[in-house]
>>> print(open('upload-v9.cif').read())   # mmCIF, C-alpha atoms and all ligand atoms
data_input
loop_
_atom_site.group_PDB
_atom_site.id
_atom_site.type_symbol
_atom_site.label_atom_id
_atom_site.label_comp_id
_atom_site.auth_asym_id
_atom_site.auth_seq_id
_atom_site.Cartn_x
_atom_site.Cartn_y
_atom_site.Cartn_z
ATOM 1 C CA MET T 1323 -84.290 112.270 307.309
ATOM 2 C CA PRO T 1324 -87.784 111.385 305.980
ATOM 3 C CA GLU T 1325 -89.448 114.062 303.883
ATOM 4 C CA ASN T 1326 -91.973 116.182 305.796
ATOM 5 C CA PRO T 1327 -95.302 115.527 303.978
ATOM 6 C CA TYR T 1328 -96.563 119.058 304.734
ATOM 7 C CA LEU T 1329 -93.744 121.030 303.183
ATOM 8 C CA LYS T 1330 -94.582 120.176 299.570
ATOM 9 C CA TYR T 1331 -98.066 121.697 299.951
ATOM 10 C CA ILE T 1332 -96.805 125.100 301.068
ATOM 11 C CA SER T 1333 -96.779 127.586 298.234
ATOM 12 C CA PHE T 1334 -96.928 131.274 299.067
ATOM 13 C CA GLY T 1335 -98.211 134.078 296.990
ATOM 14 C CA SER T 1336 -96.702 137.299 298.390
ATOM 15 C CA LYS T 1337 -100.163 138.471 299.551
ATOM 16 C CA ASN T 1338 -100.781 135.213 301.421
ATOM 17 C CA ALA T 1339 -97.299 135.370 302.933
ATOM 18 C CA ILE T 1340 -97.971 138.837 304.373
ATOM 19 C CA ILE T 1341 -101.361 137.768 305.741
ATOM 20 C CA LEU T 1342 -99.788 134.630 307.191
ATOM 21 C CA ILE T 1343 -96.966 136.516 308.938
ATOM 22 C CA GLY T 1344 -99.545 138.850 310.521
ATOM 23 C CA PHE T 1345 -101.699 135.887 311.513
ATOM 24 C CA LEU T 1346 -98.812 134.049 313.150
ATOM 25 C CA TYR T 1347 -97.636 137.212 314.910
ATOM 26 C CA ASN T 1348 -101.102 137.961 316.268
ATOM 27 C CA LYS T 1349 -101.651 134.449 317.533
ATOM 28 C CA ARG T 1350 -98.076 134.229 318.917
ATOM 29 C CA MET T 1351 -97.974 130.848 317.224
ATOM 30 C CA THR T 1352 -94.937 128.677 316.887
ATOM 31 C CA SER T 1353 -94.228 128.322 313.195
ATOM 32 C CA THR T 1354 -94.331 124.556 312.968
ATOM 33 C CA PRO T 1355 -94.631 123.119 309.452
ATOM 34 C CA LYS T 1356 -98.206 122.046 310.153
ATOM 35 C CA THR T 1357 -99.418 125.489 311.183
ATOM 36 C CA LEU T 1358 -97.595 126.961 308.175
ATOM 37 C CA PHE T 1359 -99.461 124.458 306.022
ATOM 38 C CA TYR T 1360 -102.890 125.116 307.499
ATOM 39 C CA ALA T 1361 -102.933 128.938 307.628
ATOM 40 C CA PRO T 1362 -102.852 129.506 303.840
ATOM 41 C CA LEU T 1363 -105.128 126.483 303.264
ATOM 42 C CA LEU T 1364 -107.768 128.148 305.442
ATOM 43 C CA LEU T 1365 -107.454 131.325 303.362
ATOM 44 C CA ARG T 1366 -107.938 129.272 300.181
ATOM 45 C CA LEU T 1367 -110.997 127.578 301.671
ATOM 46 C CA ASP T 1368 -112.506 130.909 302.628
ATOM 47 C CA ALA T 1369 -112.043 132.205 299.076
ATOM 48 C CA LEU T 1370 -113.543 129.010 297.631
ATOM 49 C CA LEU T 1371 -116.628 128.896 299.869
ATOM 50 C CA ALA T 1372 -117.439 132.613 300.204
ATOM 51 C CA PRO T 1373 -118.992 133.211 296.748
ATOM 52 C CA GLU T 1374 -121.588 130.407 297.151
ATOM 53 C CA ARG T 1375 -124.465 129.889 299.626
ATOM 54 C CA ASP T 1376 -125.562 126.418 298.504
ATOM 55 C CA ALA T 1377 -124.683 123.942 301.268
ATOM 56 C CA VAL T 1378 -124.333 120.901 298.963
ATOM 57 C CA ALA T 1379 -121.987 122.762 296.608
ATOM 58 C CA ASN T 1380 -119.885 124.031 299.528
ATOM 59 C CA MET T 1381 -119.747 120.585 301.191
ATOM 60 C CA ALA T 1382 -118.645 119.066 297.863
ATOM 61 C CA ASN T 1383 -115.847 121.586 297.345
ATOM 62 C CA LEU T 1384 -114.714 121.440 300.975
ATOM 63 C CA ALA T 1385 -114.551 117.624 300.894
ATOM 64 C CA ALA T 1386 -112.597 117.769 297.614
ATOM 65 C CA VAL T 1387 -110.051 120.299 298.890
ATOM 66 C CA LEU T 1388 -109.498 118.388 302.138
ATOM 67 C CA TYR T 1389 -109.120 115.086 300.296
ATOM 68 C CA GLN T 1390 -106.630 116.574 297.830
ATOM 69 C CA ALA T 1391 -104.622 118.649 300.321
ATOM 70 C CA LEU T 1392 -104.316 116.603 303.502
ATOM 71 C CA PRO T 1393 -101.599 113.956 303.538
ATOM 72 C CA ASP T 1394 -102.414 110.398 304.657
ATOM 73 C CA ILE T 1395 -106.201 110.394 304.468
ATOM 74 C CA ASN T 1396 -108.462 107.954 302.615
ATOM 75 C CA TRP T 1397 -111.924 109.499 303.114
ATOM 76 C CA ALA T 1398 -113.256 113.026 303.626
ATOM 77 C CA GLY T 1399 -116.882 114.022 303.604
ATOM 78 C CA PHE T 1400 -120.133 114.928 305.281
ATOM 79 C CA TYR T 1401 -123.142 113.300 306.856
ATOM 80 C CA VAL T 1402 -126.234 115.514 307.139
ATOM 81 C CA LEU T 1403 -128.863 115.039 309.867
ATOM 82 C CA LYS T 1404 -132.241 114.333 308.233
ATOM 83 C CA ASN T 1405 -135.273 113.245 310.282
ATOM 84 C CA GLY T 1406 -133.007 112.302 313.188
ATOM 85 C CA VAL T 1407 -130.613 110.166 311.110
ATOM 86 C CA LEU T 1408 -127.198 111.060 309.654
ATOM 87 C CA VAL T 1409 -127.420 110.619 305.870
ATOM 88 C CA LEU T 1410 -124.363 110.441 303.593
ATOM 89 C CA GLY T 1411 -123.572 113.763 301.910
ATOM 90 C CA PRO T 1412 -120.843 114.928 299.518
ATOM 91 C CA PHE T 1413 -117.565 113.072 300.027
ATOM 92 C CA GLN T 1414 -114.325 111.875 298.425
ATOM 93 C CA GLY T 1415 -113.079 108.327 298.888
ATOM 94 C CA LYS T 1416 -114.601 104.883 298.674
ATOM 95 C CA PRO T 1417 -118.405 104.469 298.765
ATOM 96 C CA ALA T 1418 -119.580 104.646 302.387
ATOM 97 C CA CYS T 1419 -122.488 103.515 304.566
ATOM 98 C CA VAL T 1420 -125.470 105.734 303.802
ATOM 99 C CA ARG T 1421 -127.345 106.093 307.121
ATOM 100 C CA ILE T 1422 -125.944 106.314 310.648
ATOM 101 C CA ALA T 1423 -128.219 106.575 313.686
ATOM 102 C CA LEU T 1424 -127.467 109.198 316.337
ATOM 103 C CA GLY T 1425 -125.247 107.641 318.992
ATOM 104 C CA LYS T 1426 -123.905 104.974 316.591
ATOM 105 C CA GLY T 1427 -120.341 104.817 315.297
ATOM 106 C CA VAL T 1428 -117.879 107.675 315.604
ATOM 107 C CA CYS T 1429 -120.094 109.971 313.503
ATOM 108 C CA GLY T 1430 -123.289 109.280 315.438
ATOM 109 C CA THR T 1431 -121.476 109.633 318.778
ATOM 110 C CA ALA T 1432 -119.880 112.979 317.824
ATOM 111 C CA ALA T 1433 -123.290 114.214 316.638
ATOM 112 C CA ALA T 1434 -125.116 113.034 319.784
ATOM 113 C CA GLN T 1435 -122.487 114.607 322.062
ATOM 114 C CA GLN T 1436 -122.148 117.741 319.884
ATOM 115 C CA LYS T 1437 -118.386 117.529 320.195
ATOM 116 C CA THR T 1438 -115.376 116.716 318.055
ATOM 117 C CA LEU T 1439 -114.146 113.144 318.403
ATOM 118 C CA ARG T 1440 -110.559 112.224 317.606
ATOM 119 C CA VAL T 1441 -110.115 108.452 317.466
ATOM 120 C CA PRO T 1442 -106.435 107.369 317.328
ATOM 121 C CA ASP T 1443 -107.327 103.707 316.657
ATOM 122 C CA VAL T 1444 -110.786 103.032 315.239
ATOM 123 C CA HIS T 1445 -110.442 99.306 316.030
ATOM 124 C CA ALA T 1446 -110.401 100.207 319.720
ATOM 125 C CA PHE T 1447 -113.583 102.339 319.440
ATOM 126 C CA ALA T 1448 -116.609 100.262 320.459
ATOM 127 C CA GLY T 1449 -119.249 100.530 317.747
ATOM 128 C CA HIS T 1450 -116.987 101.981 315.064
ATOM 129 C CA ILE T 1451 -118.616 101.568 311.640
ATOM 130 C CA ALA T 1452 -116.018 100.335 309.155
ATOM 131 C CA CYS T 1453 -116.751 101.749 305.697
ATOM 132 C CA ASP T 1454 -113.220 101.267 304.340
ATOM 133 C CA ALA T 1455 -111.090 98.467 305.801
ATOM 134 C CA ALA T 1456 -108.014 100.653 305.246
ATOM 135 C CA SER T 1457 -109.115 103.199 307.870
ATOM 136 C CA ASN T 1458 -107.186 103.148 311.147
ATOM 137 C CA SER T 1459 -107.855 106.563 312.679
ATOM 138 C CA GLU T 1460 -110.627 109.098 312.325
ATOM 139 C CA ILE T 1461 -111.767 112.584 313.289
ATOM 140 C CA VAL T 1462 -115.381 113.766 313.286
ATOM 141 C CA VAL T 1463 -116.289 117.458 313.674
ATOM 142 C CA PRO T 1464 -119.956 118.313 314.238
ATOM 143 C CA VAL T 1465 -121.569 121.026 312.134
ATOM 144 C CA LEU T 1466 -123.679 123.030 314.604
ATOM 145 C CA HIS T 1467 -126.403 125.416 313.473
ATOM 146 C CA GLN T 1468 -128.634 127.383 315.857
ATOM 147 C CA GLY T 1469 -127.449 125.226 318.759
ATOM 148 C CA ARG T 1470 -128.345 121.963 317.045
ATOM 149 C CA VAL T 1471 -126.413 119.368 315.072
ATOM 150 C CA TRP T 1472 -126.897 119.962 311.348
ATOM 151 C CA GLY T 1473 -124.395 117.318 310.255
ATOM 152 C CA VAL T 1474 -120.802 116.158 310.706
ATOM 153 C CA LEU T 1475 -117.512 116.375 308.824
ATOM 154 C CA ASP T 1476 -115.747 112.999 308.883
ATOM 155 C CA ILE T 1477 -112.106 112.369 307.913
ATOM 156 C CA ASP T 1478 -110.527 108.889 307.886
ATOM 157 C CA SER T 1479 -106.859 107.925 307.709
ATOM 158 C CA PRO T 1480 -105.007 104.670 307.101
ATOM 159 C CA VAL T 1481 -102.377 105.913 309.618
ATOM 160 C CA LEU T 1482 -102.881 105.210 313.322
ATOM 161 C CA ASN T 1483 -103.141 108.385 315.448
ATOM 162 C CA ARG T 1484 -103.111 110.578 312.306
ATOM 163 C CA PHE T 1485 -104.967 113.562 313.801
ATOM 164 C CA ASP T 1486 -103.591 115.823 316.544
ATOM 165 C CA GLU T 1487 -104.800 119.038 318.155
ATOM 166 C CA THR T 1488 -103.453 121.162 315.283
ATOM 167 C CA ASP T 1489 -105.456 119.104 312.767
ATOM 168 C CA GLN T 1490 -108.521 119.380 315.013
ATOM 169 C CA ASN T 1491 -108.204 123.178 315.282
ATOM 170 C CA PHE T 1492 -107.844 123.541 311.517
ATOM 171 C CA LEU T 1493 -110.817 121.263 310.750
ATOM 172 C CA LYS T 1494 -112.987 123.131 313.272
ATOM 173 C CA GLN T 1495 -112.089 126.401 311.550
ATOM 174 C CA ALA T 1496 -112.802 124.848 308.132
ATOM 175 C CA VAL T 1497 -116.251 123.771 309.390
ATOM 176 C CA GLU T 1498 -116.814 127.303 310.762
ATOM 177 C CA LYS T 1499 -116.061 128.694 307.294
ATOM 178 C CA PHE T 1500 -118.568 126.245 305.788
ATOM 179 C CA ILE T 1501 -121.247 127.291 308.327
ATOM 180 C CA GLN T 1502 -120.527 130.990 307.794
ATOM 181 C CA HIS T 1503 -120.777 130.775 303.992
ATOM 182 C CA SER T 1504 -123.677 128.309 303.556
ATOM 183 C CA ASP T 1505 -127.457 128.399 303.898
ATOM 184 C CA LEU T 1506 -128.230 125.646 306.406
ATOM 185 C CA ARG T 1507 -131.837 124.630 306.914
HETATM 186 N N1 LIG L 1601 -116.411 105.292 310.548
HETATM 187 C C1 LIG L 1601 -117.603 106.075 310.634
HETATM 188 C C2 LIG L 1601 -118.564 105.760 309.519
HETATM 189 C C3 LIG L 1601 -118.409 106.612 308.330
HETATM 190 S S1 LIG L 1601 -117.115 106.177 307.361
HETATM 191 O O1 LIG L 1601 -115.878 106.155 308.078
HETATM 192 C C4 LIG L 1601 -117.015 107.108 306.022
HETATM 193 C C5 LIG L 1601 -118.272 105.853 311.981
HETATM 194 O O2 LIG L 1601 -117.866 104.992 312.745
HETATM 195 O O3 LIG L 1601 -119.226 106.588 312.270
#
>>> encode(input="upload-v9.cif", output="structure tokens")
Amino acid sequence: MPENPYLKYISFGSKNAIILIGFLYNKRMTSTPKTLFYAPLLLRLDALLAPERDAVANMANLAAVLYQALPDINWAGFYVLKNGVLVLGPFQGKPACVRIALGKGVCGTAAAQQKTLRVPDVHAFAGHIACDAASNSEIVVPVLHQGRVWGVLDIDSPVLNRFDETDQNFLKQAVEKFIQHSDLR
């Protein structure tokens, strides 16, 4: 049987294990390996982001943690909306295109529609902007502040159909933590 890529990332401190059991019980969640992987990761992210209010610092650390922790991804980072254009922010991965107009590419479309876009095959997405030829699937989560798009979190994967609903839920919660703990202006 192939090794489950999530299992090697699960390490429990006893405190986290107790919090996790309570969390799973409250949510009546099925304890799939992926949810077991994401629950403590979200706790780690909260602890990492909470002491700092600077948005650039928190984007940098969030991108780094996601890039290090998530299996099968080749890019993780932010674009920030400045004067109506998405401008490259802190990221991990290969150098990327710097400016993306609203409505363009996966990032610009997610920002314009103010909704998360999960793209199972980027080559089938009209207008996809290829920053790294290795990317095959992508998820973009908008960062919303005071009802407006402040930026987007973008994750790319070399694996087709890499992101499912569980990944989407976790990334939305990670973005919520970033919004909660950062000064956005
Ligand atoms: N693929 C994105 C562009 C950003 S890079 O993937 C880092 C898009 O189509 O908007």
>>> closest_residue(input="upload-v9.cif", among="T:Val1378, T:Cys1429, T:Leu1424, T:Leu1392", to="Phe1447 (chain T)", atoms="all atoms listed in the file")
T:Cys1429
>>> resolve_selection(input="upload-v9.cif", expression="the PyMOL selection byres (((not hetatm)) within 9 of (chain L and resi 1601))", output="PyMOL selection string")
chain T and resi 1397-1401+1410+1413+1415-1420+1422+1426-1432+1444+1447+1449-1454+1457+1459-1460+1462+1476-1478
>>> write_last_selection(input="upload-v9.cif", atoms="C-alpha atoms", output="PDB file, in the coordinates of the input")
ATOM      1  CA  TRP T1397    -111.924 109.499 303.114  1.00  0.00           C
ATOM      2  CA  ALA T1398    -113.256 113.026 303.626  1.00  0.00           C
ATOM      3  CA  GLY T1399    -116.882 114.022 303.604  1.00  0.00           C
ATOM      4  CA  PHE T1400    -120.133 114.928 305.281  1.00  0.00           C
ATOM      5  CA  TYR T1401    -123.142 113.300 306.856  1.00  0.00           C
ATOM      6  CA  LEU T1410    -124.363 110.441 303.593  1.00  0.00           C
ATOM      7  CA  PHE T1413    -117.565 113.072 300.027  1.00  0.00           C
ATOM      8  CA  GLY T1415    -113.079 108.327 298.888  1.00  0.00           C
ATOM      9  CA  LYS T1416    -114.601 104.883 298.674  1.00  0.00           C
ATOM     10  CA  PRO T1417    -118.405 104.469 298.765  1.00  0.00           C
ATOM     11  CA  ALA T1418    -119.580 104.646 302.387  1.00  0.00           C
ATOM     12  CA  CYS T1419    -122.488 103.515 304.566  1.00  0.00           C
ATOM     13  CA  VAL T1420    -125.470 105.734 303.802  1.00  0.00           C
ATOM     14  CA  ILE T1422    -125.944 106.314 310.648  1.00  0.00           C
ATOM     15  CA  LYS T1426    -123.905 104.974 316.591  1.00  0.00           C
ATOM     16  CA  GLY T1427    -120.341 104.817 315.297  1.00  0.00           C
ATOM     17  CA  VAL T1428    -117.879 107.675 315.604  1.00  0.00           C
ATOM     18  CA  CYS T1429    -120.094 109.971 313.503  1.00  0.00           C
ATOM     19  CA  GLY T1430    -123.289 109.280 315.438  1.00  0.00           C
ATOM     20  CA  THR T1431    -121.476 109.633 318.778  1.00  0.00           C
ATOM     21  CA  ALA T1432    -119.880 112.979 317.824  1.00  0.00           C
ATOM     22  CA  VAL T1444    -110.786 103.032 315.239  1.00  0.00           C
ATOM     23  CA  PHE T1447    -113.583 102.339 319.440  1.00  0.00           C
ATOM     24  CA  GLY T1449    -119.249 100.530 317.747  1.00  0.00           C
ATOM     25  CA  HIS T1450    -116.987 101.981 315.064  1.00  0.00           C
ATOM     26  CA  ILE T1451    -118.616 101.568 311.640  1.00  0.00           C
ATOM     27  CA  ALA T1452    -116.018 100.335 309.155  1.00  0.00           C
ATOM     28  CA  CYS T1453    -116.751 101.749 305.697  1.00  0.00           C
ATOM     29  CA  ASP T1454    -113.220 101.267 304.340  1.00  0.00           C
ATOM     30  CA  SER T1457    -109.115 103.199 307.870  1.00  0.00           C
ATOM     31  CA  SER T1459    -107.855 106.563 312.679  1.00  0.00           C
ATOM     32  CA  GLU T1460    -110.627 109.098 312.325  1.00  0.00           C
ATOM     33  CA  VAL T1462    -115.381 113.766 313.286  1.00  0.00           C
ATOM     34  CA  ASP T1476    -115.747 112.999 308.883  1.00  0.00           C
ATOM     35  CA  ILE T1477    -112.106 112.369 307.913  1.00  0.00           C
ATOM     36  CA  ASP T1478    -110.527 108.889 307.886  1.00  0.00           C
TER      37      ASP T1478
END
>>> closest_residue(input="upload-v9.cif", among="T:Lys1356, T:Arg1366, T:Lys1494, T:Lys1404", to="Val1465 (chain T)", atoms="all atoms listed in the file")
T:Lys1494
>>> atom_distance(input="upload-v9.cif", atom1="CA of Leu1358 (chain T)", atom2="CA of Asn1491 (chain T)")
13.3 Å
>>> atom_distance(input="upload-v9.cif", atom1="CA of Lys1437 (chain T)", atom2="CA of Val1471 (chain T)")
9.7 Å
>>> resolve_selection(input="upload-v9.cif", expression="the PyMOL selection byres (((chain T and resi 1458) around 9) and not hetatm)", output="PyMOL selection string")
chain T and resi 1441-1445+1455-1457+1459-1460+1478-1484
>>> build_atoms(input="upload-v9.cif", residues="region 1380-1391 of chain T", atoms="N, CA and C atoms", output="PDB file, in the coordinates of the input")
ATOM      1  N   ASN T1380    -121.005 123.716 298.635  1.00  0.00           N
ATOM      2  CA  ASN T1380    -119.885 124.031 299.528  1.00  0.00           C
ATOM      3  C   ASN T1380    -119.343 122.790 300.236  1.00  0.00           C
ATOM      4  N   MET T1381    -120.236 121.841 300.599  1.00  0.00           N
ATOM      5  CA  MET T1381    -119.747 120.585 301.191  1.00  0.00           C
ATOM      6  C   MET T1381    -118.895 119.829 300.167  1.00  0.00           C
ATOM      7  N   ALA T1382    -119.365 119.808 298.912  1.00  0.00           N
ATOM      8  CA  ALA T1382    -118.645 119.066 297.863  1.00  0.00           C
ATOM      9  C   ALA T1382    -117.247 119.641 297.661  1.00  0.00           C
ATOM     10  N   ASN T1383    -117.157 120.974 297.563  1.00  0.00           N
ATOM     11  CA  ASN T1383    -115.847 121.586 297.345  1.00  0.00           C
ATOM     12  C   ASN T1383    -114.945 121.457 298.576  1.00  0.00           C
ATOM     13  N   LEU T1384    -115.531 121.572 299.761  1.00  0.00           N
ATOM     14  CA  LEU T1384    -114.714 121.440 300.975  1.00  0.00           C
ATOM     15  C   LEU T1384    -114.163 120.021 301.096  1.00  0.00           C
ATOM     16  N   ALA T1385    -115.015 119.022 300.839  1.00  0.00           N
ATOM     17  CA  ALA T1385    -114.551 117.624 300.894  1.00  0.00           C
ATOM     18  C   ALA T1385    -113.439 117.394 299.867  1.00  0.00           C
ATOM     19  N   ALA T1386    -113.601 117.968 298.673  1.00  0.00           N
ATOM     20  CA  ALA T1386    -112.597 117.769 297.614  1.00  0.00           C
ATOM     21  C   ALA T1386    -111.269 118.395 297.991  1.00  0.00           C
ATOM     22  N   VAL T1387    -111.307 119.629 298.517  1.00  0.00           N
ATOM     23  CA  VAL T1387    -110.051 120.299 298.890  1.00  0.00           C
ATOM     24  C   VAL T1387    -109.353 119.525 300.001  1.00  0.00           C
ATOM     25  N   LEU T1388    -110.121 119.112 301.025  1.00  0.00           N
ATOM     26  CA  LEU T1388    -109.498 118.388 302.138  1.00  0.00           C
ATOM     27  C   LEU T1388    -108.881 117.080 301.646  1.00  0.00           C
ATOM     28  N   TYR T1389    -109.600 116.379 300.794  1.00  0.00           N
ATOM     29  CA  TYR T1389    -109.120 115.086 300.296  1.00  0.00           C
ATOM     30  C   TYR T1389    -107.844 115.254 299.460  1.00  0.00           C
ATOM     31  N   GLN T1390    -107.807 116.329 298.674  1.00  0.00           N
ATOM     32  CA  GLN T1390    -106.630 116.574 297.830  1.00  0.00           C
ATOM     33  C   GLN T1390    -105.444 117.090 298.651  1.00  0.00           C
ATOM     34  N   ALA T1391    -105.715 117.919 299.662  1.00  0.00           N
ATOM     35  CA  ALA T1391    -104.622 118.649 300.321  1.00  0.00           C
ATOM     36  C   ALA T1391    -104.022 117.925 301.525  1.00  0.00           C
TER      37      ALA T1391
END
